[in-house]
Amino acid sequence: MSRARRLRATVAAVAVAVPLSFAVPAGSTATAAPRPPAPEPGAALAGDLLVVGHRGASGHRPEHTLASYELAARMGADYIEPDVVSTADGVLVARHENEISGTTDVASRPEFADRRTTKVIDGTPFTGWFTEDFTLAELRTLRAVERLPEVREENTLYDGLYQVPTLDEVLELRARLSQELRREIGVYVETKHPTYFDGIGLSLEEPLMADLQEARVHKHTSPVFIQSFETANLRELEEKGVRVPLVQLLSGSGQPYDFTAAGDPRTYADLTTAEGLQEVAEYAEGVGPEKNQVIPRDADGTLGTPTALVDDAHRAGLLVHPYTFRNENVFLPPALREDAAADDYGRAIEEHLAFWEAGIDGMFTDNPDTGVVSRDLFDAAP
């Protein structure tokens, strides 16, 4: 039996229903609903339609900060998503990329000016500052900044307030918020550039497994997914007996870098075929496609007809969690944009509803509050 099919069987047995809560207006005499019971340890959420806080609530706070993750959970996200890279001393930290000039204030720190360098990451040269050239203690002196200040000017209000968190801290936050909010908050970890980090002696998989075990979220019912755009590291994790669900990330172009490094000509398009998805199901429980792979855009800027990807993935027993849903006009199909400003919100809920209707099992969104509203609307529809 494939890992994907085993997950489906587990989901049927342990899926958790999360009740909705409604605010009581000030001055109302209505009696508040009783608090739900505390979650069972390790209760899985994989059977529900999931809202994943992409890099936390990155539409509202600088991404990959504890503040962003916490806000996502408080907005109703089922999972928070830390991308992990390594420090020079082998500690996993949450950053979208190992090059950190766009997400921290490192460029303004004269004491680190000599760390600026150029490296080739997955075949592409990048110039800047890299986590693997800093110890954790040195990274702790930096502060996070908004990655998209032109689009999210409001988030720059929080520049300089937050440190770069470790994965251990994210897992500790997850446990604390699960108890406080009395519902299980999951963590959806992405390993970034695993082939590159293997090549410099800072493998991501072993410290990731150790961190999950230390936090006691390493079982098949734990609220954790591990995802990657590469395949070899997911297969390695599967072979080492990792029990939490694995997710193969997909893209509308290119190929996994481990394929490039091995001279394998296959592309993401090959993995997305019905046959490719059946192969993915032998080592993973889900796929994370780019959202245009699920519903492409027509020439006039409207959402087109859904592709066969969701149906093919479900036939293979795979969950489908597309990325990335964002509220701003610049990220929406042209037909759903409002006014002319790129940073104004468009009709994001309409986009969400189209994807829920297409049969996805969850979504990655920078705005978890919007994702929760759209899911509630979809669930309530006759």
# chains A, B, ... in the order shown; residues from 1 in each chain; ligands from 1
>>> select_by_dssp(residues="segment 59-270 of chain A", states="strand (DSSP E)", output="tab-separated table (two decimals) with C-alpha atoms, in the first residue's frame")
chain	number	residue	atom	x	y	z
A	79	TYR	CA	-1.33	24.76	9.94
A	80	ILE	CA	1.51	27.26	9.97
A	81	GLU	CA	4.27	26.92	7.38
A	83	ASP	CA	10.51	27.05	5.51
A	84	VAL	CA	13.76	25.77	7.02
A	85	VAL	CA	17.39	26.43	6.17
A	86	SER	CA	20.55	25.82	8.18
A	92	LEU	CA	17.37	24.88	11.46
A	93	VAL	CA	15.89	28.37	11.24
A	94	ALA	CA	12.79	29.69	9.50
A	117	THR	CA	29.20	37.13	-1.24
A	118	THR	CA	27.96	35.43	-4.39
A	119	LYS	CA	26.92	31.78	-4.41
A	120	VAL	CA	25.32	29.44	-6.91
A	121	ILE	CA	22.14	27.97	-5.41
A	124	THR	CA	21.46	30.18	-10.18
A	125	PRO	CA	23.94	32.81	-8.85
A	126	PHE	CA	22.79	34.95	-5.93
A	127	THR	CA	24.62	37.79	-4.23
A	128	GLY	CA	23.91	38.66	-0.63
A	186	GLY	CA	-0.24	21.93	12.80
A	187	VAL	CA	3.16	22.71	11.29
A	188	TYR	CA	3.80	22.31	7.56
A	189	VAL	CA	7.61	22.31	7.16
A	190	GLU	CA	9.36	22.95	3.85
A	191	THR	CA	12.98	21.95	3.44
A	224	VAL	CA	2.91	17.82	10.76
A	225	PHE	CA	3.56	17.71	7.04
A	226	ILE	CA	7.02	17.82	5.42
A	227	GLN	CA	7.18	19.24	1.90
A	228	SER	CA	9.87	19.83	-0.69
A	246	LEU	CA	5.25	13.92	3.04
A	247	VAL	CA	4.18	16.31	0.29
A	248	GLN	CA	5.74	16.70	-3.15
A	249	LEU	CA	5.72	20.33	-4.22
>>> residues_around(residues="Glu350 of chain A", least_positions_apart="2", cutoff="12 Å", atoms="only C-alpha atoms", output="list in words")
Thr302, Leu303, Phe325, Arg326, Asn327, Leu332, Pro333, Ala335, Leu336, Arg337, Gly346, Arg347, Ala348, His352, Leu353, Ala354, Phe355, Trp356, Glu357, Thr370, Gly371, Val373, Ser374, Arg375, Leu377 and Phe378 of chain A
>>> write_last_selection(atoms="N, CA and C atoms", output="short mmCIF file (atom, residue, chain, number, x, y, z; two decimals), in the first residue's frame")
data_model
loop_
_atom_site.label_atom_id
_atom_site.label_comp_id
_atom_site.auth_asym_id
_atom_site.auth_seq_id
_atom_site.Cartn_x
_atom_site.Cartn_y
_atom_site.Cartn_z
N THR A 302 -9.74 35.62 -16.83
CA THR A 302 -10.66 34.91 -15.96
C THR A 302 -10.07 33.54 -15.60
N LEU A 303 -10.60 32.95 -14.54
CA LEU A 303 -10.21 31.59 -14.21
C LEU A 303 -10.82 30.64 -15.23
N PHE A 325 -2.28 31.64 -2.29
CA PHE A 325 -3.42 32.53 -2.40
C PHE A 325 -3.14 33.80 -1.62
N ARG A 326 -3.33 34.93 -2.31
CA ARG A 326 -3.03 36.24 -1.71
C ARG A 326 -4.15 37.20 -2.09
N ASN A 327 -4.39 38.19 -1.26
CA ASN A 327 -5.55 39.07 -1.45
C ASN A 327 -5.31 40.23 -2.39
N LEU A 332 -3.86 38.38 -8.11
CA LEU A 332 -5.14 37.80 -8.50
C LEU A 332 -5.30 37.75 -10.01
N PRO A 333 -6.14 36.86 -10.52
CA PRO A 333 -6.47 36.91 -11.95
C PRO A 333 -7.01 38.29 -12.30
N ALA A 335 -9.36 39.45 -13.95
CA ALA A 335 -10.81 39.62 -13.89
C ALA A 335 -11.33 39.77 -12.47
N LEU A 336 -10.50 39.45 -11.46
CA LEU A 336 -10.92 39.55 -10.06
C LEU A 336 -10.29 40.73 -9.34
N ARG A 337 -9.60 41.59 -10.07
CA ARG A 337 -8.96 42.74 -9.44
C ARG A 337 -9.94 43.89 -9.28
N GLY A 346 -8.41 42.59 -3.99
CA GLY A 346 -9.39 42.28 -5.01
C GLY A 346 -10.40 41.26 -4.48
N ARG A 347 -11.04 40.56 -5.40
CA ARG A 347 -12.11 39.63 -5.01
C ARG A 347 -11.51 38.24 -4.75
N ALA A 348 -10.68 38.19 -3.72
CA ALA A 348 -9.95 36.96 -3.41
C ALA A 348 -10.88 35.83 -3.00
N HIS A 352 -10.91 31.87 -4.13
CA HIS A 352 -10.88 30.74 -3.21
C HIS A 352 -12.02 29.77 -3.47
N LEU A 353 -13.23 30.31 -3.62
CA LEU A 353 -14.40 29.45 -3.78
C LEU A 353 -14.29 28.59 -5.04
N ALA A 354 -13.72 29.15 -6.10
CA ALA A 354 -13.54 28.37 -7.32
C ALA A 354 -12.61 27.18 -7.08
N PHE A 355 -11.59 27.38 -6.25
CA PHE A 355 -10.65 26.29 -5.99
C PHE A 355 -11.23 25.26 -5.03
N TRP A 356 -11.97 25.71 -4.01
CA TRP A 356 -12.65 24.73 -3.15
C TRP A 356 -13.59 23.88 -4.00
N GLU A 357 -14.32 24.52 -4.92
CA GLU A 357 -15.26 23.80 -5.78
C GLU A 357 -14.53 22.81 -6.68
N THR A 370 -8.91 35.27 5.47
CA THR A 370 -9.71 35.16 4.25
C THR A 370 -9.93 33.71 3.86
N GLY A 371 -8.90 32.89 4.02
CA GLY A 371 -9.04 31.48 3.72
C GLY A 371 -10.09 30.80 4.58
N VAL A 373 -12.70 32.27 6.03
CA VAL A 373 -14.01 32.76 5.61
C VAL A 373 -14.48 32.04 4.35
N SER A 374 -13.58 31.89 3.38
CA SER A 374 -13.99 31.24 2.12
C SER A 374 -14.34 29.78 2.36
N ARG A 375 -13.58 29.10 3.22
CA ARG A 375 -13.89 27.71 3.52
C ARG A 375 -15.25 27.58 4.21
N LEU A 377 -17.77 29.62 3.92
CA LEU A 377 -18.79 29.86 2.91
C LEU A 377 -19.01 28.63 2.03
N PHE A 378 -17.92 27.99 1.66
CA PHE A 378 -18.01 26.78 0.84
C PHE A 378 -18.71 25.67 1.61
#
>>> residues_around(residues="His64 of chain A", least_positions_apart="2", cutoff="8 Å", atoms="only C-alpha atoms", output="ChimeraX atom specification")
/A:55-56,58,62,66,68-69,82-83,94-96,164-165
>>> closest_residue(among="A:Val310, A:Val151, A:Val106, A:Met209", to="Asn292 of chain A", atoms="only C-alpha atoms")
A:Val310
>>> atom_distance(atom1="atom CA of Thr273 of chain A", atom2="atom CA of Leu250 of chain A")
11.4 Å
>>> residues_around(residues="segment 154-163 of chain A", least_positions_apart="2", cutoff="7 Å", atoms="only C-alpha atoms", output="mmCIF file with all heavy atoms, in the first residue's frame")
data_model
loop_
_atom_site.group_PDB
_atom_site.id
_atom_site.type_symbol
_atom_site.label_atom_id
_atom_site.label_comp_id
_atom_site.auth_asym_id
_atom_site.auth_seq_id
_atom_site.Cartn_x
_atom_site.Cartn_y
_atom_site.Cartn_z
ATOM 1 N N HIS A 60 0.006 40.026 6.753
ATOM 2 C CA HIS A 60 -0.262 40.954 7.857
ATOM 3 C C HIS A 60 0.965 41.245 8.724
ATOM 4 O O HIS A 60 0.967 42.236 9.465
ATOM 5 C CB HIS A 60 -1.362 40.391 8.754
ATOM 6 C CG HIS A 60 -2.631 40.073 8.025
ATOM 7 N ND1 HIS A 60 -3.579 41.028 7.743
ATOM 8 C CD2 HIS A 60 -3.115 38.900 7.527
ATOM 9 C CE1 HIS A 60 -4.599 40.462 7.106
ATOM 10 N NE2 HIS A 60 -4.334 39.174 6.953
ATOM 11 N N ARG A 61 1.984 40.406 8.691
ATOM 12 C CA ARG A 61 3.211 40.573 9.469
ATOM 13 C C ARG A 61 4.390 40.107 8.629
ATOM 14 O O ARG A 61 4.226 39.280 7.734
ATOM 15 C CB ARG A 61 3.175 39.767 10.769
ATOM 16 C CG ARG A 61 2.106 40.148 11.779
ATOM 17 C CD ARG A 61 2.363 41.513 12.410
ATOM 18 N NE ARG A 61 1.414 41.758 13.487
ATOM 19 C CZ ARG A 61 0.192 42.261 13.312
ATOM 20 N NH1 ARG A 61 -0.238 42.542 12.083
ATOM 21 N NH2 ARG A 61 -0.604 42.473 14.345
ATOM 22 N N PRO A 62 5.607 40.602 8.896
ATOM 23 C CA PRO A 62 6.771 40.079 8.177
ATOM 24 C C PRO A 62 6.841 38.556 8.280
ATOM 25 O O PRO A 62 6.657 37.974 9.349
ATOM 26 C CB PRO A 62 7.950 40.753 8.893
ATOM 27 C CG PRO A 62 7.379 42.055 9.387
ATOM 28 C CD PRO A 62 5.974 41.712 9.807
ATOM 29 N N THR A 65 8.176 34.899 11.019
ATOM 30 C CA THR A 65 8.448 35.373 12.369
ATOM 31 C C THR A 65 7.449 34.702 13.304
ATOM 32 O O THR A 65 6.372 34.281 12.876
ATOM 33 C CB THR A 65 8.311 36.898 12.476
ATOM 34 O OG1 THR A 65 6.964 37.280 12.100
ATOM 35 C CG2 THR A 65 9.305 37.613 11.564
ATOM 36 N N ARG A 140 20.833 35.786 15.610
ATOM 37 C CA ARG A 140 19.966 36.330 16.655
ATOM 38 C C ARG A 140 20.094 37.843 16.784
ATOM 39 O O ARG A 140 19.200 38.499 17.333
ATOM 40 C CB ARG A 140 20.303 35.697 18.006
ATOM 41 C CG ARG A 140 19.872 34.259 18.133
ATOM 42 C CD ARG A 140 18.399 34.137 18.000
ATOM 43 N NE ARG A 140 17.845 33.042 18.778
ATOM 44 C CZ ARG A 140 16.597 32.677 18.716
ATOM 45 N NH1 ARG A 140 15.761 33.305 17.913
ATOM 46 N NH2 ARG A 140 16.140 31.674 19.428
ATOM 47 N N LEU A 142 20.160 39.838 14.257
ATOM 48 C CA LEU A 142 19.445 40.452 13.143
ATOM 49 C C LEU A 142 17.970 40.588 13.465
ATOM 50 O O LEU A 142 17.450 39.949 14.369
ATOM 51 C CB LEU A 142 19.626 39.615 11.873
ATOM 52 C CG LEU A 142 21.057 39.347 11.417
ATOM 53 C CD1 LEU A 142 21.048 38.460 10.166
ATOM 54 C CD2 LEU A 142 21.808 40.644 11.160
ATOM 55 N N ARG A 143 17.270 41.407 12.678
ATOM 56 C CA ARG A 143 15.834 41.574 12.843
ATOM 57 C C ARG A 143 15.146 41.429 11.489
ATOM 58 O O ARG A 143 15.693 41.814 10.445
ATOM 59 C CB ARG A 143 15.495 42.934 13.459
ATOM 60 C CG ARG A 143 15.950 43.081 14.919
ATOM 61 C CD ARG A 143 15.226 42.090 15.817
ATOM 62 N NE ARG A 143 15.608 42.183 17.227
ATOM 63 C CZ ARG A 143 16.591 41.507 17.787
ATOM 64 N NH1 ARG A 143 17.331 40.687 17.043
ATOM 65 N NH2 ARG A 143 16.849 41.634 19.069
ATOM 66 N N ALA A 144 13.947 40.869 11.519
ATOM 67 C CA ALA A 144 13.193 40.612 10.291
ATOM 68 C C ALA A 144 12.602 41.893 9.731
ATOM 69 O O ALA A 144 12.260 42.823 10.480
ATOM 70 C CB ALA A 144 12.075 39.612 10.575
ATOM 71 N N VAL A 145 12.474 41.925 8.392
ATOM 72 C CA VAL A 145 11.826 43.041 7.701
ATOM 73 C C VAL A 145 10.854 42.470 6.673
ATOM 74 O O VAL A 145 10.938 41.298 6.279
ATOM 75 C CB VAL A 145 12.849 43.965 7.001
ATOM 76 C CG1 VAL A 145 13.819 44.572 8.004
ATOM 77 C CG2 VAL A 145 13.616 43.215 5.905
ATOM 78 N N GLU A 146 9.917 43.299 6.242
ATOM 79 C CA GLU A 146 8.936 42.905 5.234
ATOM 80 C C GLU A 146 9.620 42.661 3.889
ATOM 81 O O GLU A 146 10.384 43.492 3.398
ATOM 82 C CB GLU A 146 7.869 43.977 5.088
ATOM 83 C CG GLU A 146 6.908 43.794 3.924
ATOM 84 C CD GLU A 146 6.205 42.437 3.940
ATOM 85 O OE1 GLU A 146 5.831 41.963 5.039
ATOM 86 O OE2 GLU A 146 6.034 41.861 2.846
ATOM 87 N N PRO A 149 7.793 45.237 0.533
ATOM 88 C CA PRO A 149 7.354 46.535 1.070
ATOM 89 C C PRO A 149 6.536 47.359 0.084
ATOM 90 O O PRO A 149 5.697 48.164 0.498
ATOM 91 C CB PRO A 149 8.664 47.235 1.431
ATOM 92 C CG PRO A 149 9.710 46.578 0.572
ATOM 93 C CD PRO A 149 9.267 45.158 0.448
ATOM 94 N N ARG A 152 3.102 45.568 0.448
ATOM 95 C CA ARG A 152 2.598 45.468 1.823
ATOM 96 C C ARG A 152 3.261 46.513 2.707
ATOM 97 O O ARG A 152 3.988 46.204 3.657
ATOM 98 C CB ARG A 152 2.829 44.053 2.343
ATOM 99 C CG ARG A 152 1.980 43.038 1.589
ATOM 100 C CD ARG A 152 2.284 41.598 1.912
ATOM 101 N NE ARG A 152 1.307 40.743 1.240
ATOM 102 C CZ ARG A 152 1.435 39.442 1.073
ATOM 103 N NH1 ARG A 152 2.508 38.813 1.534
ATOM 104 N NH2 ARG A 152 0.486 38.747 0.452
ATOM 105 N N PRO A 165 13.412 33.072 13.883
ATOM 106 C CA PRO A 165 13.148 31.981 14.825
ATOM 107 C C PRO A 165 13.770 30.660 14.383
ATOM 108 O O PRO A 165 13.985 30.409 13.198
ATOM 109 C CB PRO A 165 11.617 31.877 14.814
ATOM 110 C CG PRO A 165 11.235 32.313 13.443
ATOM 111 C CD PRO A 165 12.245 33.353 13.021
#
>>> atom_distance(atom1="atom CA of Ser251 of chain A", atom2="atom CA of Asn98 of chain A")
20.0 Å
>>> atom_distance(atom1="atom CA of Thr260 of chain A", atom2="atom CA of Gly123 of chain A")
8.9 Å
>>> residues_around(residues="Gln213 of chain A", least_positions_apart="3", cutoff="12 Å", atoms="only C-alpha atoms", output="ChimeraX atom specification")
/A:168,171,206-210,216-220,222,224,242-244
>>> write_last_selection(atoms="N, CA and C atoms", output="PDB file, in the first residue's frame")
ATOM      1  N   ASP A 168      12.785  24.810  16.380  1.00  0.00           N
ATOM      2  CA  ASP A 168      12.393  24.420  17.734  1.00  0.00           C
ATOM      3  C   ASP A 168      11.408  25.426  18.333  1.00  0.00           C
ATOM      4  N   LEU A 171       7.968  25.027  16.812  1.00  0.00           N
ATOM      5  CA  LEU A 171       7.285  23.861  17.360  1.00  0.00           C
ATOM      6  C   LEU A 171       6.797  24.120  18.787  1.00  0.00           C
ATOM      7  N   GLU A 206      18.351  15.257   8.885  1.00  0.00           N
ATOM      8  CA  GLU A 206      18.640  14.707  10.210  1.00  0.00           C
ATOM      9  C   GLU A 206      18.256  15.670  11.335  1.00  0.00           C
ATOM     10  N   PRO A 207      18.637  16.961  11.262  1.00  0.00           N
ATOM     11  CA  PRO A 207      18.179  17.866  12.333  1.00  0.00           C
ATOM     12  C   PRO A 207      16.675  18.067  12.337  1.00  0.00           C
ATOM     13  N   LEU A 208      16.031  17.978  11.168  1.00  0.00           N
ATOM     14  CA  LEU A 208      14.572  18.090  11.127  1.00  0.00           C
ATOM     15  C   LEU A 208      13.940  16.925  11.875  1.00  0.00           C
ATOM     16  N   MET A 209      14.403  15.720  11.596  1.00  0.00           N
ATOM     17  CA  MET A 209      13.862  14.551  12.281  1.00  0.00           C
ATOM     18  C   MET A 209      14.094  14.642  13.785  1.00  0.00           C
ATOM     19  N   ALA A 210      15.272  15.128  14.182  1.00  0.00           N
ATOM     20  CA  ALA A 210      15.576  15.255  15.609  1.00  0.00           C
ATOM     21  C   ALA A 210      14.675  16.291  16.268  1.00  0.00           C
ATOM     22  N   ARG A 216       8.024  15.758  20.039  1.00  0.00           N
ATOM     23  CA  ARG A 216       7.045  14.672  20.120  1.00  0.00           C
ATOM     24  C   ARG A 216       5.929  14.832  19.087  1.00  0.00           C
ATOM     25  N   VAL A 217       6.317  15.258  17.891  1.00  0.00           N
ATOM     26  CA  VAL A 217       5.379  15.361  16.773  1.00  0.00           C
ATOM     27  C   VAL A 217       5.951  14.616  15.567  1.00  0.00           C
ATOM     28  N   HIS A 218       6.374  13.379  15.811  1.00  0.00           N
ATOM     29  CA  HIS A 218       7.023  12.584  14.776  1.00  0.00           C
ATOM     30  C   HIS A 218       6.223  11.350  14.399  1.00  0.00           C
ATOM     31  N   LYS A 219       4.976  11.247  14.869  1.00  0.00           N
ATOM     32  CA  LYS A 219       4.161  10.066  14.604  1.00  0.00           C
ATOM     33  C   LYS A 219       3.259  10.295  13.398  1.00  0.00           C
ATOM     34  N   HIS A 220       2.653   9.213  12.894  1.00  0.00           N
ATOM     35  CA  HIS A 220       1.823   9.344  11.698  1.00  0.00           C
ATOM     36  C   HIS A 220       0.560  10.150  11.979  1.00  0.00           C
ATOM     37  N   SER A 222       0.641  12.806  14.025  1.00  0.00           N
ATOM     38  CA  SER A 222       1.065  14.142  14.459  1.00  0.00           C
ATOM     39  C   SER A 222       0.614  15.193  13.459  1.00  0.00           C
ATOM     40  N   VAL A 224       1.716  17.350  11.472  1.00  0.00           N
ATOM     41  CA  VAL A 224       2.910  17.820  10.764  1.00  0.00           C
ATOM     42  C   VAL A 224       2.889  17.269   9.347  1.00  0.00           C
ATOM     43  N   VAL A 242      10.388   7.945   8.331  1.00  0.00           N
ATOM     44  CA  VAL A 242       9.624   9.098   8.806  1.00  0.00           C
ATOM     45  C   VAL A 242       8.138   8.801   8.663  1.00  0.00           C
ATOM     46  N   ARG A 243       7.387   9.062   9.704  1.00  0.00           N
ATOM     47  CA  ARG A 243       5.988   8.641   9.732  1.00  0.00           C
ATOM     48  C   ARG A 243       5.017   9.784   9.447  1.00  0.00           C
ATOM     49  N   VAL A 244       5.454  11.040   9.586  1.00  0.00           N
ATOM     50  CA  VAL A 244       4.536  12.139   9.290  1.00  0.00           C
ATOM     51  C   VAL A 244       4.345  12.227   7.780  1.00  0.00           C
TER      52      VAL A 244
END
>>> residues_around(residues="Gly201 of chain A", least_positions_apart="3", cutoff="12 Å", atoms="only C-alpha atoms", output="compact mmCIF listing (two decimals) with C-alpha atoms, in the first residue's frame")
# COMPACT_ATOMS: atom_id res chain seq x y z
CA SER A 86 20.55 25.82 8.18
CA THR A 87 22.93 28.03 10.14
CA ALA A 88 26.69 27.49 10.11
CA ASP A 89 26.36 25.49 13.33
CA GLY A 90 23.65 23.21 11.96
CA GLU A 132 24.99 29.08 6.42
CA PRO A 194 18.22 20.16 0.28
CA THR A 195 20.68 19.15 -2.45
CA TYR A 196 22.63 22.38 -1.94
CA PHE A 197 22.76 21.97 1.83
CA ASP A 198 23.82 18.34 1.47
CA LEU A 204 18.53 19.36 6.64
CA GLU A 205 16.85 15.99 7.10
CA GLU A 206 18.64 14.71 10.21
>>> closest_residue(among="A:Leu202, A:Ala316, A:Ala281, A:Ala73", to="Val52 of chain A", atoms="only C-alpha atoms")
A:Ala73
